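Everything below concerns the one structure shown next.
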Amino acid sequence: MIADTLLQADAVERCYPGGYRLGPINLELRRGEIVGLLGPNGAGKSTTMAMLCGTLAPTRGRIKIADHDLAESPIKAKRCLGYLPDNPPLYLDMTVDQYLLYCARLHGVKGGQARAQLAKVKAECNLEAVGGTLISHLSKGFRQRTGIAQAIIHDPQVVILDEPTSALDPLQIEQIHTLIRQLSTTRALLLSTHILNEAEALCHRILILHKGQLHQESPTRGSTQPQFGETLLVRFNNPPTVAELNALSSTNRVESIGAESVLIHAKSADQAIAEISTAALIQGWQIREISPAGRLLERRFMEITQPPTTPGTTA
Amino acid sequence: MIRALAQRELTRALGAPGNWVLLALLQFVLAYLFLLQLEWYQTVAPKLANQVGAPGVTDLIAAPLFSSAAALLLTAIPLLTMPLISEEYRTGTIRLLLSAPISSSEIILGKYLGCLLFLTAPVTLAIAPTASLAIGTQLDWGQWLTGVIGLLLLCASVSAIGLFFSTVTRTPLLAAMSTFATILLLWVIQPADGSATAGGILSYLALPGHLTPFTQGLLNSGDLLYHLLLTCTALALAVLRLDLERRPL
């Protein structure tokens, strides 16, 4: 288990004059895992990522990448790391091929190996058609993909992507998601996003950052399936007890939220819906709403990022 | 790694249209000065013909032209060094370098070498006309060569200063202005009596005193050391400044 922890941050903090403090941040990325970092604008997502990538030194705390301490042996640690900042670091006067080869050289990948990696990465990021095009002539979507290609050209074990799908159209977003899933099979990925749906669809674990504090959402243990896609919010007119719902074979865990609503964590959402609706018909629970988990993440996000409001005052 | 950075810097400099305009203007002014100097030499040459130990063509054409070239380079170098790091800050590409497995000193050295390589272009342009005198007359190649070394050393130290200021700000123009101000200060700084032999730090710091000996054909270790010190100090400061980019506040 320890060998598979590719990135570890222990009590990482960055203090600013004026008393603002980011952290302490504790996080662990394991091989084969996609972790999402969520948070409102200005929460410190990009700063956190910059610290994990060594472009910004933390005031306190330690970061280890593939067992190399980022402060003590930065060169070795950074060899195992690919980073896409929120603004892709592109040289507009280079062609895509020149740029990616340059990035490969900067990461110590040379000659034939660099060219092999270039071909592979271009295929993965759908950049084959624009290899000879100047980056300044590329559309935003292509630039973003060039940025992602830059982060993986040296085949790093840890990939950190700061808003990888911003500025892309839905089709491109889907392509990037597929790419990210492919990458995650042998690597650890950390990505930040504004889009809750994206985090749900993609991530095995979600971290929510608010006002410099990291709130860790516990992962489904032992599961490699995204956690949030498997949770349902169900409202009944005539609600059953939690025990009754727990007794159903497809439900893992049932949480009561309010008088009429429950959250159902299930192995498979489809199975759970089928079983609950059948049971509801027989027992007369009268289902008013079944919705997939988006609501759950949204609710937790709101809980963490919005100050609590007294009941009845919400508009 | 340093080589990759230097190569990149050189291709960037060669690909920037502004640099070519700058080189063209530089060459135009130098060619005009060369012409003036040549014409003047032709008027004085008959008078010198009968004197023993009279200054030769290297003294009368090459040396003044090297001095003018030095002055022109001092104005051009800040413009060439200004984007080195500050442009990377401005466009955010610095994060590519900072997150890559390279140290700050490698980044600075790579950038510096790339810039120096590019600066060989204006230096070549500046010395080519004087070398062409060898077609029609006899040049003092020794004196000519020390002049060239002087120009190269000037490029080395001044571009190091420019590189340092480029690490300080994300506004390239501000970097150029700061570099220019510093060079200007080094140019004019001297004790009130203007004597180069007068002791004291001020006269040692003055740039012209470490430049004219080269055009006169003198290769002093003291002058070499001056440029070496200036270069190393500026580069070390640049490395420290770049490191500060990652350090906690």
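FYI, nothing fancy with the structure tokens labels: chains A, B, ... in order, residues from 1 per chain, ligands from 1 as they appear.
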Within 8 Å of range 82-87 of chain B, counting only C-alpha atoms, which residues show up once you throw out same-chain ones fewer than 3 positions away? Write them as a PyMOL selection string, please. chain B and resi 9+78-79+90-91+94+111+162-163+165-173+175-176
Sort by chain and increasing residue number a table of all residues of chain A within 6 Å of chain B, each with its closest pair of atoms and their distance in Å to one decimal, counting only C-alpha atoms, and write it as CSV.
```
residue,atom,partner,partner_atom,distance
A:Cys53,CA,B:Ser99,CA,5.8
A:Gly54,CA,B:Ser99,CA,5.8
A:Thr55,CA,B:Leu98,CA,5.1
A:Leu56,CA,B:Arg246,CA,4.1
A:Ala57,CA,B:Arg247,CA,5.0
A:Thr59,CA,B:Pro248,CA,5.4
A:Ile75,CA,B:Pro101,CA,4.4
A:Lys78,CA,B:Pro101,CA,5.0
A:Arg79,CA,B:Pro101,CA,5.6
A:Pro89,CA,B:Thr93,CA,4.1
A:His107,CA,B:Ala100,CA,5.9
```
Pull N, CA, C and O atoms from the residues just selected and write them as a compact mmCIF listing (two decimals), in the first residue's frame.
```txt
# COMPACT_ATOMS: atom_id res chain seq x y z
N CYS A 53 3.73 20.95 -6.96
CA CYS A 53 4.58 20.79 -8.14
C CYS A 53 5.93 21.45 -7.97
O CYS A 53 6.74 21.45 -8.89
N GLY A 54 6.16 22.07 -6.82
CA GLY A 54 7.47 22.65 -6.58
C GLY A 54 7.69 23.99 -7.25
O GLY A 54 8.82 24.48 -7.27
N THR A 55 6.67 24.60 -7.79
CA THR A 55 6.88 25.94 -8.34
C THR A 55 6.68 27.00 -7.26
O THR A 55 6.95 28.16 -7.47
N LEU A 56 6.21 26.56 -6.11
CA LEU A 56 5.99 27.46 -5.00
C LEU A 56 6.35 26.66 -3.75
O LEU A 56 5.85 25.55 -3.57
N ALA A 57 7.24 27.20 -2.92
CA ALA A 57 7.65 26.42 -1.75
C ALA A 57 6.67 26.66 -0.61
O ALA A 57 6.26 27.79 -0.38
N THR A 59 5.46 27.13 3.27
CA THR A 59 6.09 27.70 4.45
C THR A 59 6.46 26.58 5.42
O THR A 59 7.51 26.60 6.04
N ILE A 75 15.03 17.56 -7.95
CA ILE A 75 15.21 17.12 -9.34
C ILE A 75 14.60 15.74 -9.53
O ILE A 75 13.84 15.50 -10.48
N LYS A 78 10.77 15.88 -9.24
CA LYS A 78 10.07 16.51 -10.37
C LYS A 78 10.11 15.66 -11.63
O LYS A 78 9.32 15.86 -12.53
N ARG A 79 11.09 14.74 -11.70
CA ARG A 79 11.11 13.82 -12.85
C ARG A 79 9.83 12.98 -12.89
O ARG A 79 9.42 12.53 -13.95
N PRO A 89 1.39 26.59 -20.04
CA PRO A 89 2.65 27.32 -20.26
C PRO A 89 3.20 27.09 -21.66
O PRO A 89 4.13 26.33 -21.87
N HIS A 107 12.72 17.63 -19.35
CA HIS A 107 12.48 16.59 -18.35
C HIS A 107 13.44 15.42 -18.51
O HIS A 107 13.21 14.35 -17.96
```
Near range 99-103 of chain A, counting only C-alpha atoms, which residues have an atom at most 7 Å away, once you skip same-chain residues fewer than 3 positions from it, shown as a list in words?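 Close residues of range 99-103 of chain A: Met94, Thr95, Val96, Leu106, His107, Ala114, Leu118 and Gln150 of chain A.
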Would you kindly return, as an MDAnalysis selection string, each protein, DNA or RNA residue with an atom no farther than 10 Å from any atom of Cys232 in chain B, considering only C-alpha atoms and excluding same-chain residues fewer than 5 positions away? chainID B and resid 156:157 160:161 227 237:238
Rounded to one decimal place, report the CA of Pro85 in chain A-CA of Val158 in chain A distance in Å.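 Between CA of Pro85 in chain A and CA of Val158 in chain A the gap works out to 14.1 Å.
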